[in-house]
>>> print(open('target.pdb').read())   # PDB, C-alpha atoms and all ligand atoms
ATOM      1  CA  MET A   1     -25.084 -23.772 -19.570  1.00  0.00           C
ATOM      2  CA  TYR A   2     -22.683 -24.349 -16.665  1.00  0.00           C
ATOM      3  CA  GLU A   3     -19.944 -25.071 -19.181  1.00  0.00           C
ATOM      4  CA  VAL A   4     -20.431 -21.631 -20.749  1.00  0.00           C
ATOM      5  CA  LEU A   5     -20.407 -19.980 -17.321  1.00  0.00           C
ATOM      6  CA  ALA A   6     -17.232 -21.855 -16.421  1.00  0.00           C
ATOM      7  CA  LEU A   7     -15.599 -20.782 -19.679  1.00  0.00           C
ATOM      8  CA  VAL A   8     -16.419 -17.106 -19.185  1.00  0.00           C
ATOM      9  CA  GLY A   9     -15.660 -17.231 -15.451  1.00  0.00           C
ATOM     10  CA  LEU A  10     -12.283 -18.868 -15.968  1.00  0.00           C
ATOM     11  CA  SER A  11     -11.365 -16.396 -18.703  1.00  0.00           C
ATOM     12  CA  ILE A  12     -12.044 -13.547 -16.265  1.00  0.00           C
ATOM     13  CA  TRP A  13     -10.098 -15.403 -13.549  1.00  0.00           C
ATOM     14  CA  LEU A  14      -7.159 -15.722 -15.925  1.00  0.00           C
ATOM     15  CA  GLY A  15      -7.205 -12.008 -16.768  1.00  0.00           C
ATOM     16  CA  LEU A  16      -7.691 -10.576 -13.271  1.00  0.00           C
ATOM     17  CA  PRO A  17      -4.003  -9.860 -12.458  1.00  0.00           C
ATOM     18  CA  ALA A  18      -3.466  -8.090 -15.798  1.00  0.00           C
ATOM     19  CA  TRP A  19      -6.667  -6.093 -15.419  1.00  0.00           C
ATOM     20  CA  ILE A  20      -5.781  -4.999 -11.898  1.00  0.00           C
ATOM     21  CA  ALA A  21      -2.212  -4.160 -12.947  1.00  0.00           C
ATOM     22  CA  ASN A  22      -3.584  -2.027 -15.745  1.00  0.00           C
ATOM     23  CA  ALA A  23      -6.313  -0.320 -13.703  1.00  0.00           C
ATOM     24  CA  VAL A  24      -4.555   0.492 -10.408  1.00  0.00           C
ATOM     25  CA  PRO A  25      -2.146   3.110 -11.891  1.00  0.00           C
ATOM     26  CA  VAL A  26      -5.132   5.270 -12.830  1.00  0.00           C
ATOM     27  CA  ILE A  27      -5.815   5.615  -9.086  1.00  0.00           C
ATOM     28  CA  LEU A  28      -2.323   5.278  -7.538  1.00  0.00           C
ATOM     29  CA  GLY A  29      -0.189   6.582 -10.391  1.00  0.00           C
ATOM     30  CA  GLY A  30       1.193  10.064 -10.929  1.00  0.00           C
ATOM     31  CA  GLY A  31       4.433  11.793 -10.069  1.00  0.00           C
ATOM     32  CA  LEU A  32       7.742  11.125 -11.779  1.00  0.00           C
ATOM     33  CA  PRO A  33       7.299   9.885 -15.364  1.00  0.00           C
ATOM     34  CA  ILE A  34       9.205   6.726 -16.353  1.00  0.00           C
ATOM     35  CA  ASP A  35      10.891   8.595 -19.220  1.00  0.00           C
ATOM     36  CA  MET A  36      11.932  11.347 -16.739  1.00  0.00           C
ATOM     37  CA  GLY A  37      10.447  13.905 -19.087  1.00  0.00           C
ATOM     38  CA  ARG A  38      12.952  13.080 -21.807  1.00  0.00           C
ATOM     39  CA  ASN A  39      12.432  13.160 -25.545  1.00  0.00           C
ATOM     40  CA  PHE A  40      13.196  10.407 -28.043  1.00  0.00           C
ATOM     41  CA  ILE A  41      15.466  10.981 -31.089  1.00  0.00           C
ATOM     42  CA  ASP A  42      12.445  12.273 -33.010  1.00  0.00           C
ATOM     43  CA  GLY A  43      12.165  15.137 -30.526  1.00  0.00           C
ATOM     44  CA  LYS A  44       8.896  13.841 -29.060  1.00  0.00           C
ATOM     45  CA  ARG A  45       8.457  12.429 -25.558  1.00  0.00           C
ATOM     46  CA  VAL A  46       9.609   8.828 -25.142  1.00  0.00           C
ATOM     47  CA  LEU A  47       6.466   7.746 -23.240  1.00  0.00           C
ATOM     48  CA  GLY A  48       4.826  10.894 -21.893  1.00  0.00           C
ATOM     49  CA  ASP A  49       3.514  12.036 -18.506  1.00  0.00           C
ATOM     50  CA  GLY A  50       0.832   9.305 -18.434  1.00  0.00           C
ATOM     51  CA  LYS A  51       3.392   6.553 -17.670  1.00  0.00           C
ATOM     52  CA  THR A  52       4.799   7.011 -14.178  1.00  0.00           C
ATOM     53  CA  ILE A  53       7.090   5.016 -11.896  1.00  0.00           C
ATOM     54  CA  LYS A  54       4.480   5.018  -9.129  1.00  0.00           C
ATOM     55  CA  GLY A  55       1.862   3.783 -11.607  1.00  0.00           C
ATOM     56  CA  PHE A  56       4.111   0.966 -12.805  1.00  0.00           C
ATOM     57  CA  ALA A  57       5.122  -0.122  -9.294  1.00  0.00           C
ATOM     58  CA  SER A  58       1.591   0.023  -7.871  1.00  0.00           C
ATOM     59  CA  GLY A  59       0.238  -1.905 -10.868  1.00  0.00           C
ATOM     60  CA  VAL A  60       2.795  -4.691 -10.491  1.00  0.00           C
ATOM     61  CA  LEU A  61       2.247  -4.822  -6.725  1.00  0.00           C
ATOM     62  CA  PHE A  62      -1.543  -5.023  -6.843  1.00  0.00           C
ATOM     63  CA  GLY A  63      -1.613  -7.329  -9.879  1.00  0.00           C
ATOM     64  CA  THR A  64       0.673  -9.724  -8.005  1.00  0.00           C
ATOM     65  CA  VAL A  65      -1.314  -9.434  -4.780  1.00  0.00           C
ATOM     66  CA  ILE A  66      -4.536 -10.326  -6.587  1.00  0.00           C
ATOM     67  CA  GLY A  67      -2.726 -13.428  -7.885  1.00  0.00           C
ATOM     68  CA  ALA A  68      -1.759 -14.354  -4.324  1.00  0.00           C
ATOM     69  CA  ILE A  69      -5.389 -13.987  -3.253  1.00  0.00           C
ATOM     70  CA  GLN A  70      -6.494 -16.088  -6.236  1.00  0.00           C
ATOM     71  CA  SER A  71      -4.052 -18.860  -5.434  1.00  0.00           C
ATOM     72  CA  PHE A  72      -5.404 -18.891  -1.880  1.00  0.00           C
ATOM     73  CA  ILE A  73      -9.017 -19.130  -3.097  1.00  0.00           C
ATOM     74  CA  ALA A  74      -8.311 -21.656  -5.903  1.00  0.00           C
ATOM     75  CA  PRO A  75      -8.720 -24.904  -3.912  1.00  0.00           C
ATOM     76  CA  PHE A  76     -12.131 -23.799  -2.637  1.00  0.00           C
ATOM     77  CA  LEU A  77     -13.169 -22.633  -6.085  1.00  0.00           C
ATOM     78  CA  ILE A  78     -12.096 -25.911  -7.683  1.00  0.00           C
ATOM     79  CA  ALA A  79     -14.150 -27.856  -5.120  1.00  0.00           C
ATOM     80  CA  GLU A  80     -17.168 -25.632  -5.818  1.00  0.00           C
ATOM     81  CA  VAL A  81     -16.877 -25.702  -9.627  1.00  0.00           C
ATOM     82  CA  SER A  82     -16.545 -29.497  -9.632  1.00  0.00           C
ATOM     83  CA  HIS A  83     -20.125 -29.718  -8.345  1.00  0.00           C
ATOM     84  CA  TYR A  84     -21.373 -28.217 -11.592  1.00  0.00           C
ATOM     85  CA  VAL A  85     -18.926 -29.163 -14.356  1.00  0.00           C
ATOM     86  CA  LEU A  86     -16.296 -31.750 -15.035  1.00  0.00           C
ATOM     87  CA  VAL A  87     -13.043 -30.014 -14.120  1.00  0.00           C
ATOM     88  CA  THR A  88     -10.648 -30.758 -16.973  1.00  0.00           C
ATOM     89  CA  PRO A  89      -6.837 -30.459 -16.779  1.00  0.00           C
ATOM     90  CA  GLU A  90      -7.143 -27.367 -19.020  1.00  0.00           C
ATOM     91  CA  MET A  91      -9.469 -25.753 -16.469  1.00  0.00           C
ATOM     92  CA  LEU A  92      -7.173 -26.743 -13.615  1.00  0.00           C
ATOM     93  CA  SER A  93      -4.172 -25.087 -15.215  1.00  0.00           C
ATOM     94  CA  VAL A  94      -6.098 -21.797 -15.423  1.00  0.00           C
ATOM     95  CA  LEU A  95      -7.597 -22.151 -11.946  1.00  0.00           C
ATOM     96  CA  ASN A  96      -4.245 -22.880 -10.331  1.00  0.00           C
ATOM     97  CA  LEU A  97      -2.869 -19.429 -11.061  1.00  0.00           C
ATOM     98  CA  THR A  98       0.309 -18.816  -9.055  1.00  0.00           C
ATOM     99  CA  VAL A  99       1.911 -15.669  -7.666  1.00  0.00           C
ATOM    100  CA  SER A 100       4.745 -16.017 -10.188  1.00  0.00           C
ATOM    101  CA  ILE A 101       2.237 -16.113 -13.047  1.00  0.00           C
ATOM    102  CA  SER A 102       0.397 -13.036 -11.771  1.00  0.00           C
ATOM    103  CA  PHE A 103       3.727 -11.229 -11.309  1.00  0.00           C
ATOM    104  CA  LEU A 104       4.729 -11.975 -14.926  1.00  0.00           C
ATOM    105  CA  GLN A 105       1.265 -10.974 -16.116  1.00  0.00           C
ATOM    106  CA  SER A 106       1.453  -7.671 -14.246  1.00  0.00           C
ATOM    107  CA  ILE A 107       4.906  -6.796 -15.574  1.00  0.00           C
ATOM    108  CA  GLY A 108       3.700  -7.819 -19.044  1.00  0.00           C
ATOM    109  CA  ALA A 109       0.533  -5.720 -18.787  1.00  0.00           C
ATOM    110  CA  LEU A 110       2.454  -2.577 -17.828  1.00  0.00           C
ATOM    111  CA  THR A 111       5.130  -3.223 -20.432  1.00  0.00           C
ATOM    112  CA  GLY A 112       2.418  -3.601 -23.075  1.00  0.00           C
ATOM    113  CA  ASP A 113       0.905  -0.351 -21.820  1.00  0.00           C
ATOM    114  CA  MET A 114       4.292   1.392 -22.157  1.00  0.00           C
ATOM    115  CA  ILE A 115       4.914  -0.023 -25.635  1.00  0.00           C
ATOM    116  CA  GLY A 116       1.495   1.346 -26.574  1.00  0.00           C
ATOM    117  CA  SER A 117       2.446   4.811 -25.314  1.00  0.00           C
ATOM    118  CA  PHE A 118       5.804   4.636 -27.083  1.00  0.00           C
ATOM    119  CA  VAL A 119       4.056   3.848 -30.382  1.00  0.00           C
ATOM    120  CA  LYS A 120       1.444   6.563 -29.750  1.00  0.00           C
ATOM    121  CA  ARG A 121       4.086   9.242 -29.132  1.00  0.00           C
ATOM    122  CA  ARG A 122       5.878   8.254 -32.367  1.00  0.00           C
ATOM    123  CA  ALA A 123       2.564   8.578 -34.186  1.00  0.00           C
ATOM    124  CA  ASP A 124       2.069  12.055 -32.690  1.00  0.00           C
ATOM    125  CA  ILE A 125      -0.851  11.034 -30.485  1.00  0.00           C
ATOM    126  CA  ARG A 126      -0.793  13.155 -27.322  1.00  0.00           C
ATOM    127  CA  SER A 127      -0.828  11.528 -23.868  1.00  0.00           C
ATOM    128  CA  GLY A 128      -4.380  10.650 -22.950  1.00  0.00           C
ATOM    129  CA  ASN A 129      -5.654  10.740 -26.503  1.00  0.00           C
ATOM    130  CA  PRO A 130      -7.024   7.416 -27.731  1.00  0.00           C
ATOM    131  CA  ALA A 131      -5.420   4.829 -29.988  1.00  0.00           C
ATOM    132  CA  PRO A 132      -8.190   2.295 -30.590  1.00  0.00           C
ATOM    133  CA  VAL A 133      -7.153  -1.369 -30.272  1.00  0.00           C
ATOM    134  CA  LEU A 134      -3.644  -0.460 -29.032  1.00  0.00           C
ATOM    135  CA  ASP A 135      -5.082   1.094 -25.839  1.00  0.00           C
ATOM    136  CA  GLN A 136      -7.443  -1.808 -25.243  1.00  0.00           C
ATOM    137  CA  LEU A 137      -5.403  -4.813 -26.248  1.00  0.00           C
ATOM    138  CA  GLY A 138      -1.694  -3.977 -25.913  1.00  0.00           C
ATOM    139  CA  PHE A 139      -1.633  -4.674 -22.181  1.00  0.00           C
ATOM    140  CA  ILE A 140      -3.577  -7.931 -22.209  1.00  0.00           C
ATOM    141  CA  ILE A 141      -1.657  -9.436 -25.116  1.00  0.00           C
ATOM    142  CA  MET A 142       1.685  -8.616 -23.509  1.00  0.00           C
ATOM    143  CA  ALA A 143       0.422  -9.945 -20.152  1.00  0.00           C
ATOM    144  CA  LEU A 144      -0.460 -13.270 -21.793  1.00  0.00           C
ATOM    145  CA  LEU A 145       2.825 -13.308 -23.671  1.00  0.00           C
ATOM    146  CA  PHE A 146       4.937 -12.696 -20.544  1.00  0.00           C
ATOM    147  CA  SER A 147       3.027 -15.250 -18.475  1.00  0.00           C
ATOM    148  CA  SER A 148       3.300 -17.805 -21.295  1.00  0.00           C
ATOM    149  CA  LEU A 149       6.708 -18.543 -19.792  1.00  0.00           C
ATOM    150  CA  LEU A 150       4.813 -20.361 -17.047  1.00  0.00           C
ATOM    151  CA  ILE A 151       1.294 -20.993 -18.319  1.00  0.00           C
ATOM    152  CA  SER A 152      -0.158 -21.755 -21.737  1.00  0.00           C
ATOM    153  CA  PRO A 153      -3.933 -21.567 -21.328  1.00  0.00           C
ATOM    154  CA  ALA A 154      -6.197 -23.209 -23.911  1.00  0.00           C
ATOM    155  CA  ARG A 155      -7.057 -20.935 -26.835  1.00  0.00           C
ATOM    156  CA  GLN A 156     -10.730 -20.557 -25.827  1.00  0.00           C
ATOM    157  CA  TYR A 157      -9.805 -18.867 -22.533  1.00  0.00           C
ATOM    158  CA  THR A 158      -7.394 -16.375 -24.100  1.00  0.00           C
ATOM    159  CA  SER A 159      -9.824 -15.543 -26.933  1.00  0.00           C
ATOM    160  CA  ILE A 160     -12.717 -14.900 -24.575  1.00  0.00           C
ATOM    161  CA  LEU A 161     -10.453 -12.918 -22.241  1.00  0.00           C
ATOM    162  CA  ILE A 162      -9.379 -10.668 -25.118  1.00  0.00           C
ATOM    163  CA  MET A 163     -12.991 -10.116 -26.189  1.00  0.00           C
ATOM    164  CA  ILE A 164     -14.163  -9.322 -22.639  1.00  0.00           C
ATOM    165  CA  THR A 165     -11.176  -6.983 -22.190  1.00  0.00           C
ATOM    166  CA  LEU A 166     -12.321  -4.911 -25.162  1.00  0.00           C
ATOM    167  CA  GLY A 167     -15.769  -4.508 -23.602  1.00  0.00           C
ATOM    168  CA  VAL A 168     -14.593  -3.908 -20.039  1.00  0.00           C
ATOM    169  CA  HIS A 169     -12.002  -1.354 -21.112  1.00  0.00           C
ATOM    170  CA  CYS A 170     -14.722   0.798 -22.663  1.00  0.00           C
ATOM    171  CA  ILE A 171     -16.870   0.572 -19.531  1.00  0.00           C
ATOM    172  CA  SER A 172     -13.982   1.272 -17.103  1.00  0.00           C
ATOM    173  CA  ASN A 173     -12.794   4.275 -19.069  1.00  0.00           C
ATOM    174  CA  ILE A 174     -16.251   5.801 -19.075  1.00  0.00           C
ATOM    175  CA  THR A 175     -16.552   5.084 -15.319  1.00  0.00           C
ATOM    176  CA  GLY A 176     -13.111   6.630 -14.639  1.00  0.00           C
ATOM    177  CA  TYR A 177     -14.113   9.715 -16.574  1.00  0.00           C
ATOM    178  CA  THR A 178     -17.431   9.973 -14.754  1.00  0.00           C
ATOM    179  CA  LEU A 179     -15.622   9.699 -11.383  1.00  0.00           C
ATOM    180  CA  GLY A 180     -13.183  12.408 -12.455  1.00  0.00           C
ATOM    181  CA  LEU A 181     -10.164  10.047 -12.467  1.00  0.00           C
ATOM    182  CA  LYS A 182      -9.532  10.435 -16.160  1.00  0.00           C
ATOM    183  CA  ASP A 183      -9.528  13.528 -18.338  1.00  0.00           C
ATOM    184  CA  LYS A 184     -11.280  11.904 -21.268  1.00  0.00           C
ATOM    185  CA  PRO A 185     -13.950   9.212 -21.581  1.00  0.00           C
ATOM    186  CA  TRP A 186     -11.726   6.836 -23.605  1.00  0.00           C
TER
HETATM  187  N1  LIG A 201      -0.767   5.849 -15.091  1.00  0.00           N
HETATM  188  C1  LIG A 201       0.445   5.997 -14.421  1.00  0.00           C
HETATM  189  N2  LIG A 201       1.491   5.152 -14.673  1.00  0.00           N
HETATM  190  C2  LIG A 201       1.369   4.146 -15.589  1.00  0.00           C
HETATM  191  C3  LIG A 201       0.151   3.983 -16.285  1.00  0.00           C
HETATM  192  C4  LIG A 201      -0.903   4.862 -16.022  1.00  0.00           C
HETATM  193  O1  LIG A 201       0.579   6.888 -13.570  1.00  0.00           O
HETATM  194  N3  LIG A 201       2.414   3.318 -15.805  1.00  0.00           N
HETATM  195  C5  LIG A 201      -1.871   6.778 -14.778  1.00  0.00           C
HETATM  196  C6  LIG A 201      -1.633   8.164 -15.403  1.00  0.00           C
HETATM  197  O2  LIG A 201      -2.155   9.120 -14.524  1.00  0.00           O
HETATM  198  C7  LIG A 201      -2.449   8.083 -16.689  1.00  0.00           C
HETATM  199  C8  LIG A 201      -3.651   7.263 -16.249  1.00  0.00           C
HETATM  200  O3  LIG A 201      -3.102   6.323 -15.316  1.00  0.00           O
HETATM  201  O4  LIG A 201      -2.824   9.358 -17.170  1.00  0.00           O
HETATM  202  C9  LIG A 201      -4.353   6.569 -17.384  1.00  0.00           C
HETATM  203  O5  LIG A 201      -3.516   5.582 -17.973  1.00  0.00           O
HETATM  204  P1  LIG A 201      -3.415   5.406 -19.537  1.00  0.00           P
HETATM  205  O6  LIG A 201      -4.747   5.536 -20.181  1.00  0.00           O
HETATM  206  O7  LIG A 201      -2.643   4.155 -19.764  1.00  0.00           O
HETATM  207  O8  LIG A 201      -2.445   6.632 -19.962  1.00  0.00           O
HETATM  208  P2  LIG A 201      -2.752   7.939 -20.820  1.00  0.00           P
HETATM  209  O9  LIG A 201      -2.778   9.102 -19.889  1.00  0.00           O
HETATM  210  O10 LIG A 201      -3.919   7.693 -21.696  1.00  0.00           O
HETATM  211  O11 LIG A 201      -1.430   8.099 -21.697  1.00  0.00           O
HETATM  212  P3  LIG A 201      -1.052   7.388 -23.087  1.00  0.00           P
HETATM  213  O12 LIG A 201      -1.627   8.214 -24.180  1.00  0.00           O
HETATM  214  O13 LIG A 201       0.425   7.386 -23.077  1.00  0.00           O
HETATM  215  O14 LIG A 201      -1.616   5.990 -23.048  1.00  0.00           O
HETATM  216 MG    MG A 202      -5.342   6.369 -22.032  1.00  0.00          MG
END
>>> encode(input="target.pdb", output="structure tokens")
Amino acid sequence: MYEVLALVGLSIWLGLPAWIANAVPVILGGGLPIDMGRNFIDGKRVLGDGKTIKGFASGVLFGTVIGAIQSFIAPFLIAEVSHYVLVTPEMLSVLNLTVSISFLQSIGALTGDMIGSFVKRRADIRSGNPAPVLDQLGFIIMALLFSSLLISPARQYTSILIMITLGVHCISNITGYTLGLKDKPW
């Protein structure tokens, strides 16, 4: 039982910087778009108005800050967790998240988000309209890919993180819509 809790908990711990980096722009984003309003060679917007410089910068900042907070908490968390489960080296590598890892994750998350928008614009999907799977998973996969320069978490953590991300994304979008932060509930 505790092992399952540790597995799910550590997967969430691993994904926190990417989640924050992806979520903060919804609140702090806006203003000048990253593509400066320009079109691609196909005559459609490169990324669209939904990808802004302020959103990117605030996402990277807050995603990195959450990593700093996590690295501060980690020693206490490790001591606490070790009362309930045997802390394996695999668990330790996830628990000992560093600021550099959270920075890479945040940049990766927002790059994945931009790649998603780039693909959506090419496919004629308007800014804000949904692209199932791409919207939910692009950011987390790129976050894991970027941070794999410094951390290679065991497969079970990344798999569970990806599954939870799918679920949480649905809930957060509906919440954002309900709070009036997003135009559409997806
Ligand atoms: N946002 C931002 N800058 C970013 C990412 C997001 O300002 N780099 C803000 C925008 O206000 C955006 C909102 O967060 O409308 C929601 O983000 P997202 O769902 O990723 O963008 P969409 O508006 O859905 O645009 P797209 O179709 O290109 O994904
Ligand atoms: Mg969207």
>>> resolve_selection(input="target.pdb", expression="the PyMOL selection byres (((chain A and resi 107) around 9) and not hetatm)", output="list in words")
Ala18, Ala21, Phe56, Gly59, Val60, Gly63, Ser102, Phe103, Leu104, Gln105, Ser106, Gly108, Ala109, Leu110, Thr111, Gly112, Met142, Ala143 and Phe146 of chain A
>>> residues_near_ligand(input="target.pdb", ligand="ligand LIG 201 (chain A)", cutoff="6 Å", atoms="only C-alpha atoms and all ligand atoms", output="MDAnalysis selection string")
chainID A and resid 25:26 29:30 48 50:52 55:56 117 126:129
>>> residues_near_ligand(input="target.pdb", ligand="ligand MG 202 (chain A)", cutoff="12 Å", atoms="only C-alpha atoms and all ligand atoms", output="number ranges by chain")
A: 22-23, 25-26, 47-51, 113-114, 116-117, 120, 125-139, 169-170, 172-174, 176-177, 181-186
>>> atom_distance(input="target.pdb", atom1="CA of Ile27 in chain A", atom2="CA of Val94 in chain A")
28.1 Å
>>> atom_distance(input="target.pdb", atom1="CA of Met163 in chain A", atom2="CA of Leu10 in chain A")
13.5 Å
>>> residues_near_point(input="target.pdb", point="(12.9, 10.1, -19.7)", cutoff="10 Å", atoms="only C-alpha atoms", output="PyMOL selection string")
chain A and resi 32-40+45-49
>>> closest_residue(input="target.pdb", among="A:Asp124, A:Phe76, A:Phe62, A:Val4", to="Gly43 in chain A", atoms="all atoms listed in the file")
A:Asp124
>>> closest_residue(input="target.pdb", among="A:Ser71, A:Thr165, A:Ser159, A:Ser82", to="Ile20 in chain A", atoms="only C-alpha atoms")
A:Thr165
>>> closest_residue(input="target.pdb", among="A:Leu145, A:Ile78, A:Leu150, A:Leu5", to="Val99 in chain A", atoms="only C-alpha atoms")
A:Leu150
>>> atom_distance(input="target.pdb", atom1="CA of Met91 in chain A", atom2="CA of Leu166 in chain A")
22.8 Å
>>> resolve_selection(input="target.pdb", expression="the PyMOL selection byres (((chain A and resi 13) around 12) and not hetatm)", output="number ranges by chain")
A: 5-12, 14-20, 66-67, 69-71, 73-74, 77, 91-98, 102, 153, 157-158, 160-161, 164
>>> decode(input="target.pdb", residues="range 110-129 of chain A", atoms="N, CA, C and O atoms", output="PDB file, in the first residue's frame")
ATOM      1  N   LEU A 110       7.525  24.169 -22.031  1.00  0.00           N
ATOM      2  CA  LEU A 110       7.035  25.272 -22.856  1.00  0.00           C
ATOM      3  C   LEU A 110       7.419  25.110 -24.315  1.00  0.00           C
ATOM      4  O   LEU A 110       6.702  25.573 -25.204  1.00  0.00           O
ATOM      5  N   THR A 111       8.541  24.433 -24.560  1.00  0.00           N
ATOM      6  CA  THR A 111       8.916  24.148 -25.948  1.00  0.00           C
ATOM      7  C   THR A 111       7.941  23.129 -26.533  1.00  0.00           C
ATOM      8  O   THR A 111       7.464  23.280 -27.666  1.00  0.00           O
ATOM      9  N   GLY A 112       7.614  22.109 -25.746  1.00  0.00           N
ATOM     10  CA  GLY A 112       6.635  21.111 -26.188  1.00  0.00           C
ATOM     11  C   GLY A 112       5.294  21.765 -26.485  1.00  0.00           C
ATOM     12  O   GLY A 112       4.626  21.442 -27.477  1.00  0.00           O
ATOM     13  N   ASP A 113       4.922  22.710 -25.626  1.00  0.00           N
ATOM     14  CA  ASP A 113       3.671  23.452 -25.798  1.00  0.00           C
ATOM     15  C   ASP A 113       3.692  24.251 -27.109  1.00  0.00           C
ATOM     16  O   ASP A 113       2.710  24.293 -27.858  1.00  0.00           O
ATOM     17  N   MET A 114       4.852  24.855 -27.404  1.00  0.00           N
ATOM     18  CA  MET A 114       4.983  25.640 -28.647  1.00  0.00           C
ATOM     19  C   MET A 114       4.971  24.733 -29.872  1.00  0.00           C
ATOM     20  O   MET A 114       4.353  25.064 -30.887  1.00  0.00           O
ATOM     21  N   ILE A 115       5.656  23.603 -29.781  1.00  0.00           N
ATOM     22  CA  ILE A 115       5.670  22.656 -30.907  1.00  0.00           C
ATOM     23  C   ILE A 115       4.225  22.217 -31.193  1.00  0.00           C
ATOM     24  O   ILE A 115       3.794  22.158 -32.350  1.00  0.00           O
ATOM     25  N   GLY A 116       3.483  21.980 -30.108  1.00  0.00           N
ATOM     26  CA  GLY A 116       2.076  21.603 -30.255  1.00  0.00           C
ATOM     27  C   GLY A 116       1.296  22.663 -31.021  1.00  0.00           C
ATOM     28  O   GLY A 116       0.549  22.357 -31.958  1.00  0.00           O
ATOM     29  N   SER A 117       1.501  23.931 -30.648  1.00  0.00           N
ATOM     30  CA  SER A 117       0.795  25.028 -31.319  1.00  0.00           C
ATOM     31  C   SER A 117       1.227  25.141 -32.777  1.00  0.00           C
ATOM     32  O   SER A 117       0.405  25.393 -33.665  1.00  0.00           O
ATOM     33  N   PHE A 118       2.529  24.954 -33.010  1.00  0.00           N
ATOM     34  CA  PHE A 118       3.040  25.021 -34.384  1.00  0.00           C
ATOM     35  C   PHE A 118       2.344  23.963 -35.248  1.00  0.00           C
ATOM     36  O   PHE A 118       1.842  24.273 -36.345  1.00  0.00           O
ATOM     37  N   VAL A 119       2.256  22.751 -34.725  1.00  0.00           N
ATOM     38  CA  VAL A 119       1.606  21.652 -35.461  1.00  0.00           C
ATOM     39  C   VAL A 119       0.107  21.965 -35.654  1.00  0.00           C
ATOM     40  O   VAL A 119      -0.447  21.771 -36.742  1.00  0.00           O
ATOM     41  N   LYS A 120      -0.515  22.500 -34.600  1.00  0.00           N
ATOM     42  CA  LYS A 120      -1.948  22.817 -34.687  1.00  0.00           C
ATOM     43  C   LYS A 120      -2.228  23.870 -35.763  1.00  0.00           C
ATOM     44  O   LYS A 120      -3.184  23.748 -36.528  1.00  0.00           O
ATOM     45  N   ARG A 121      -1.382  24.898 -35.823  1.00  0.00           N
ATOM     46  CA  ARG A 121      -1.601  25.956 -36.824  1.00  0.00           C
ATOM     47  C   ARG A 121      -1.452  25.385 -38.236  1.00  0.00           C
ATOM     48  O   ARG A 121      -2.179  25.732 -39.146  1.00  0.00           O
ATOM     49  N   ARG A 122      -0.470  24.467 -38.411  1.00  0.00           N
ATOM     50  CA  ARG A 122      -0.277  23.854 -39.736  1.00  0.00           C
ATOM     51  C   ARG A 122      -1.503  23.019 -40.118  1.00  0.00           C
ATOM     52  O   ARG A 122      -1.846  22.909 -41.288  1.00  0.00           O
ATOM     53  N   ALA A 123      -2.127  22.439 -39.095  1.00  0.00           N
ATOM     54  CA  ALA A 123      -3.293  21.586 -39.342  1.00  0.00           C
ATOM     55  C   ALA A 123      -4.587  22.391 -39.343  1.00  0.00           C
ATOM     56  O   ALA A 123      -5.681  21.820 -39.294  1.00  0.00           O
ATOM     57  N   ASP A 124      -4.437  23.747 -39.359  1.00  0.00           N
ATOM     58  CA  ASP A 124      -5.605  24.622 -39.437  1.00  0.00           C
ATOM     59  C   ASP A 124      -6.492  24.599 -38.205  1.00  0.00           C
ATOM     60  O   ASP A 124      -7.694  24.869 -38.303  1.00  0.00           O
ATOM     61  N   ILE A 125      -5.898  24.277 -37.056  1.00  0.00           N
ATOM     62  CA  ILE A 125      -6.670  24.319 -35.804  1.00  0.00           C
ATOM     63  C   ILE A 125      -6.433  25.689 -35.178  1.00  0.00           C
ATOM     64  O   ILE A 125      -5.286  26.073 -34.934  1.00  0.00           O
ATOM     65  N   ARG A 126      -7.503  26.440 -34.967  1.00  0.00           N
ATOM     66  CA  ARG A 126      -7.371  27.806 -34.441  1.00  0.00           C
ATOM     67  C   ARG A 126      -6.859  27.815 -33.006  1.00  0.00           C
ATOM     68  O   ARG A 126      -7.121  26.875 -32.249  1.00  0.00           O
ATOM     69  N   SER A 127      -6.165  28.900 -32.625  1.00  0.00           N
ATOM     70  CA  SER A 127      -5.667  29.048 -31.257  1.00  0.00           C
ATOM     71  C   SER A 127      -6.799  28.828 -30.272  1.00  0.00           C
ATOM     72  O   SER A 127      -7.861  29.432 -30.411  1.00  0.00           O
ATOM     73  N   GLY A 128      -6.546  27.994 -29.292  1.00  0.00           N
ATOM     74  CA  GLY A 128      -7.546  27.738 -28.260  1.00  0.00           C
ATOM     75  C   GLY A 128      -8.408  26.537 -28.558  1.00  0.00           C
ATOM     76  O   GLY A 128      -9.004  25.962 -27.655  1.00  0.00           O
ATOM     77  N   ASN A 129      -8.478  26.149 -29.834  1.00  0.00           N
ATOM     78  CA  ASN A 129      -9.245  24.945 -30.148  1.00  0.00           C
ATOM     79  C   ASN A 129      -8.419  23.709 -29.798  1.00  0.00           C
ATOM     80  O   ASN A 129      -7.194  23.750 -29.848  1.00  0.00           O
TER      81      ASN A 129
END
